[in-house]
Amino acid sequence: SNWTDAGASFHTSAPPTATDYTANFTTQYYLPMNAGAGGTVAPSSGWYNSATNVPITATPNTGYSFSSWAGSGSGSYSGSSSSASVTMNGPITETASFVPQTRVIGLSGNLAFGHVVTNTTATRTMTITNSGNSALTVSNIIYPSGFSGLWSGTIPAKASTNVTVTFTPTAVQAYGGLITVTNNSTSGTNTITASGYGRSVVGPIQELVNNAAPGATVVVPAGTFADNVVIAKDLT
């Protein structure tokens with residue numbers, strides 16, 4: 001720790017008279033600092049005086065995220081904070097772990113709109129989920145004809161966001177296709193199917209009857225519709 005004459009650890013002294021010199025010592029403990037694959041730690045391993053508070057920091061490399069500290073010894077730290085501190089009550093070992101970044105996208109929601117009157121709108125909800133350990137960035141959403149929606153942004157790890165999908169048929173016909181979410185995911189599924197049918201005000205079954213040619217067979221689509229069908233033309 002020090003000499004009573006305040007000299008350095010190794011020094012020369014030439015006292016004019018007989019003099020006692022006393023060397024004082026301080027207990028020190030060694031702190032090994034270890035970094036797993038994918039990052040670095042600070043400070044480097046070294047000796048510290050007893051009871052010293054030592055800040056420790058783990059920094060992930062590009063493409064990795066910090067996972068946790070694992071510490072052993074009195075005053076050590078174990079936990080998920082990348083910046084922490086230890087108290088040198090004895091020998092301590094600290095090891096930082098890192099994991100590859102993942103951004104796992106998933107899409108869900110019932111986007112089968114069914115029959116919607118032309119030139120009106122119906123909405124449903126699509127959920128975008130990020131089950132990875134890093135933030136997912138959505139830059140664009142591409143919709144098939146007749147469908148629309150607007151959202152872009154960042155979804156934190158283990159989180160989700162809801163997007164409103166609008167169906168606006170402009171013609172009496174079937175609509176459908178894949179909605180594609182443009183993003184920076186490392187894995188997962190970024191497409192989901194949307195479907196719907198544009199119908200006139202008279203109702204889907206009545207419309208089929210009205211549009212049928214003479215002698216034609218009217219085929220009613222699968223499903224049950226609450227339409228009052230009035231056959232107003234001779235189909236024979």
# chains A, B, ... in the order shown; residues from 1 in each chain; ligands from 1
>>> residues_around(residues="Thr52 in chain A", least_positions_apart="2", cutoff="6 Å", atoms="only C-alpha atoms", output="PyMOL selection string")
chain A and resi 49-50+87-88
>>> select_by_dssp(residues="range 122-190 of chain A", states="strand (DSSP E)", output="PyMOL selection string")
chain A and resi 122-130+136-142+147-148+153-155+159-167+174-183+187-188
>>> write_last_selection(atoms="C-alpha atoms", output="compact mmCIF listing (two decimals), in the first residue's frame")
# COMPACT_ATOMS: atom_id res chain seq x y z
CA ALA A 122 -64.89 -3.65 -44.38
CA THR A 123 -61.97 -3.94 -41.95
CA ARG A 124 -60.23 -6.75 -40.15
CA THR A 125 -57.11 -7.01 -38.00
CA MET A 126 -53.78 -8.56 -38.97
CA THR A 127 -51.27 -9.15 -36.15
CA ILE A 128 -47.54 -8.99 -36.81
CA THR A 129 -45.52 -10.82 -34.15
CA ASN A 130 -41.79 -10.73 -33.43
CA LEU A 136 -37.92 -6.24 -35.99
CA THR A 137 -38.23 -3.42 -38.54
CA VAL A 138 -41.19 -3.38 -40.96
CA SER A 139 -40.57 -1.09 -43.93
CA ASN A 140 -43.64 -1.79 -46.09
CA ILE A 141 -46.76 -3.93 -46.51
CA ILE A 142 -47.84 -4.99 -50.00
CA PHE A 147 -57.12 -4.66 -50.02
CA SER A 148 -55.19 -1.90 -48.28
CA GLY A 153 -42.19 0.76 -37.81
CA THR A 154 -40.31 -1.30 -35.24
CA ILE A 155 -41.63 -4.20 -33.18
CA ALA A 159 -43.86 -8.25 -28.93
CA SER A 160 -46.52 -7.69 -31.58
CA THR A 161 -48.54 -4.99 -33.28
CA ASN A 162 -51.97 -4.91 -34.90
CA VAL A 163 -52.55 -3.58 -38.42
CA THR A 164 -55.98 -2.69 -39.79
CA VAL A 165 -56.63 -4.28 -43.20
CA THR A 166 -59.34 -2.71 -45.34
CA PHE A 167 -61.27 -4.50 -48.11
CA ALA A 174 -63.81 -12.57 -56.18
CA TYR A 175 -60.75 -10.92 -54.67
CA GLY A 176 -57.77 -12.51 -52.98
CA GLY A 177 -54.06 -13.01 -52.74
CA LEU A 178 -51.08 -12.75 -50.44
CA ILE A 179 -50.34 -9.83 -48.15
CA THR A 180 -46.54 -9.50 -47.96
CA VAL A 181 -44.76 -7.72 -45.12
CA THR A 182 -41.35 -6.30 -46.09
CA ASN A 183 -39.02 -6.51 -43.08
CA SER A 187 -36.67 -16.18 -40.09
CA GLY A 188 -40.41 -16.72 -39.94
>>> select_by_dssp(residues="range 1-235 of chain A", states="helix (DSSP H, G or I)", output="ChimeraX atom specification")
/A:204-211
>>> closest_residue(among="A:Asn34, A:Thr121, A:Thr17, A:Ser44", to="Glu94 in chain A", atoms="only C-alpha atoms")
A:Asn34
>>> closest_residue(among="A:Tyr197, A:Phe25, A:Phe98, A:Tyr64", to="Ser145 in chain A", atoms="only C-alpha atoms")
A:Tyr197
>>> closest_residue(among="A:Ala8, A:Ala194, A:Ala84, A:Ala37", to="Asn24 in chain A", atoms="only C-alpha atoms")
A:Ala8
>>> residues_around(residues="Gly36 in chain A", least_positions_apart="5", cutoff="10 Å", atoms="only C-alpha atoms", output="PyMOL selection string")
chain A and resi 41+60+66+95-99
>>> write_last_selection(atoms="N, CA and C atoms", output="CSV table (one decimal), in the first residue's frame")
chain,number,residue,atom,x,y,z
A,41,VAL,N,-15.7,-7.6,-23.1
A,41,VAL,CA,-16.0,-7.2,-21.7
A,41,VAL,C,-15.0,-6.1,-21.3
A,60,PRO,N,-21.9,-6.3,-27.1
A,60,PRO,CA,-22.0,-7.4,-28.1
A,60,PRO,C,-21.4,-6.9,-29.4
A,66,PHE,N,-26.4,-9.1,-26.1
A,66,PHE,CA,-26.0,-9.5,-24.8
A,66,PHE,C,-27.0,-10.4,-24.1
A,95,THR,N,-18.3,-13.8,-16.1
A,95,THR,CA,-18.3,-14.3,-17.5
A,95,THR,C,-19.6,-13.7,-18.2
A,96,ALA,N,-19.4,-13.1,-19.3
A,96,ALA,CA,-20.5,-12.5,-20.1
A,96,ALA,C,-20.9,-13.5,-21.2
A,97,SER,N,-22.2,-13.7,-21.4
A,97,SER,CA,-22.6,-14.5,-22.5
A,97,SER,C,-23.4,-13.7,-23.6
A,98,PHE,N,-23.2,-14.1,-24.8
A,98,PHE,CA,-23.9,-13.4,-26.0
A,98,PHE,C,-24.6,-14.4,-26.8
A,99,VAL,N,-25.6,-14.0,-27.5
A,99,VAL,CA,-26.4,-14.9,-28.4
A,99,VAL,C,-26.6,-14.2,-29.8
>>> closest_residue(among="A:Ala70, A:Ala157, A:Val116, A:Ala51", to="Thr102 in chain A", atoms="only C-alpha atoms")
A:Ala157
>>> closest_residue(among="A:Thr191, A:Thr93, A:Ser83, A:Ser152", to="Gly71 in chain A", atoms="only C-alpha atoms")
A:Thr93
>>> atom_distance(atom1="CA of Thr170 in chain A", atom2="CA of Pro214 in chain A")
26.5 Å
>>> atom_distance(atom1="CA of Ala135 in chain A", atom2="CA of Pro100 in chain A")
12.8 Å
>>> closest_residue(among="A:Ser9, A:Pro91, A:Thr59, A:Val54", to="Tyr30 in chain A", atoms="only C-alpha atoms")
A:Pro91
>>> decode(residues="range 158-171 of chain A", atoms="all heavy atoms", output="short mmCIF file (atom, residue, chain, number, x, y, z; two decimals), in the first residue's frame")
data_model
loop_
_atom_site.label_atom_id
_atom_site.label_comp_id
_atom_site.auth_asym_id
_atom_site.auth_seq_id
_atom_site.Cartn_x
_atom_site.Cartn_y
_atom_site.Cartn_z
N LYS A 158 -40.08 -10.12 -28.66
CA LYS A 158 -41.17 -10.75 -27.91
C LYS A 158 -42.41 -9.85 -27.83
O LYS A 158 -43.10 -9.81 -26.81
CB LYS A 158 -40.71 -11.12 -26.49
CG LYS A 158 -39.40 -11.87 -26.42
CD LYS A 158 -39.43 -13.19 -27.14
CE LYS A 158 -38.12 -13.94 -26.99
NZ LYS A 158 -38.08 -15.19 -27.76
N ALA A 159 -42.71 -9.15 -28.93
CA ALA A 159 -43.86 -8.25 -28.93
C ALA A 159 -44.61 -8.37 -30.26
O ALA A 159 -44.19 -9.11 -31.15
CB ALA A 159 -43.41 -6.81 -28.70
N SER A 160 -45.71 -7.65 -30.36
CA SER A 160 -46.52 -7.69 -31.58
C SER A 160 -47.21 -6.36 -31.78
O SER A 160 -47.28 -5.53 -30.86
CB SER A 160 -47.54 -8.83 -31.51
OG SER A 160 -48.47 -8.60 -30.46
N THR A 161 -47.74 -6.18 -32.99
CA THR A 161 -48.54 -4.99 -33.28
C THR A 161 -49.69 -5.38 -34.19
O THR A 161 -49.59 -6.34 -34.96
CB THR A 161 -47.69 -3.89 -33.95
OG1 THR A 161 -48.41 -2.66 -33.97
CG2 THR A 161 -47.31 -4.28 -35.37
N ASN A 162 -50.80 -4.64 -34.08
CA ASN A 162 -51.97 -4.91 -34.90
C ASN A 162 -52.05 -3.91 -36.05
O ASN A 162 -51.81 -2.72 -35.86
CB ASN A 162 -53.25 -4.82 -34.07
CG ASN A 162 -53.37 -5.96 -33.08
OD1 ASN A 162 -52.90 -7.07 -33.32
ND2 ASN A 162 -54.01 -5.70 -31.94
N VAL A 163 -52.41 -4.41 -37.22
CA VAL A 163 -52.55 -3.58 -38.42
C VAL A 163 -53.97 -3.75 -38.94
O VAL A 163 -54.46 -4.88 -39.09
CB VAL A 163 -51.54 -3.99 -39.50
CG1 VAL A 163 -51.72 -3.15 -40.76
CG2 VAL A 163 -50.11 -3.86 -38.97
N THR A 164 -54.63 -2.65 -39.23
CA THR A 164 -55.98 -2.69 -39.79
C THR A 164 -55.91 -2.91 -41.30
O THR A 164 -55.26 -2.15 -42.02
CB THR A 164 -56.74 -1.39 -39.50
OG1 THR A 164 -56.87 -1.23 -38.08
CG2 THR A 164 -58.13 -1.42 -40.12
N VAL A 165 -56.56 -3.97 -41.78
CA VAL A 165 -56.63 -4.28 -43.20
C VAL A 165 -58.03 -3.93 -43.70
O VAL A 165 -59.04 -4.33 -43.11
CB VAL A 165 -56.33 -5.77 -43.46
CG1 VAL A 165 -56.44 -6.09 -44.95
CG2 VAL A 165 -54.94 -6.13 -42.95
N THR A 166 -58.07 -3.17 -44.79
CA THR A 166 -59.34 -2.71 -45.34
C THR A 166 -59.61 -3.39 -46.68
O THR A 166 -58.72 -3.48 -47.53
CB THR A 166 -59.32 -1.19 -45.55
OG1 THR A 166 -59.08 -0.55 -44.29
CG2 THR A 166 -60.65 -0.70 -46.10
N PHE A 167 -60.84 -3.89 -46.85
CA PHE A 167 -61.27 -4.50 -48.11
C PHE A 167 -62.30 -3.57 -48.75
O PHE A 167 -63.32 -3.25 -48.15
CB PHE A 167 -61.87 -5.87 -47.85
CG PHE A 167 -62.44 -6.55 -49.07
CD1 PHE A 167 -61.78 -6.53 -50.30
CD2 PHE A 167 -63.65 -7.23 -48.99
CE1 PHE A 167 -62.31 -7.16 -51.42
CE2 PHE A 167 -64.19 -7.87 -50.09
CZ PHE A 167 -63.52 -7.83 -51.32
N THR A 168 -62.01 -3.13 -49.98
CA THR A 168 -62.89 -2.22 -50.70
C THR A 168 -63.12 -2.76 -52.11
O THR A 168 -62.39 -2.42 -53.05
CB THR A 168 -62.29 -0.80 -50.78
OG1 THR A 168 -61.89 -0.37 -49.48
CG2 THR A 168 -63.31 0.19 -51.35
N PRO A 169 -64.10 -3.63 -52.29
CA PRO A 169 -64.35 -4.16 -53.64
C PRO A 169 -64.99 -3.09 -54.53
O PRO A 169 -65.82 -2.31 -54.08
CB PRO A 169 -65.31 -5.31 -53.38
CG PRO A 169 -66.03 -4.94 -52.12
CD PRO A 169 -65.03 -4.19 -51.29
N THR A 170 -64.59 -3.05 -55.77
CA THR A 170 -65.16 -2.09 -56.73
C THR A 170 -65.94 -2.78 -57.84
O THR A 170 -66.53 -2.11 -58.68
CB THR A 170 -64.05 -1.24 -57.36
OG1 THR A 170 -63.09 -2.09 -57.97
CG2 THR A 170 -63.36 -0.39 -56.29
N ALA A 171 -65.90 -4.09 -57.86
CA ALA A 171 -66.61 -4.85 -58.89
C ALA A 171 -67.19 -6.11 -58.28
O ALA A 171 -66.73 -6.58 -57.22
CB ALA A 171 -65.67 -5.21 -60.04
#
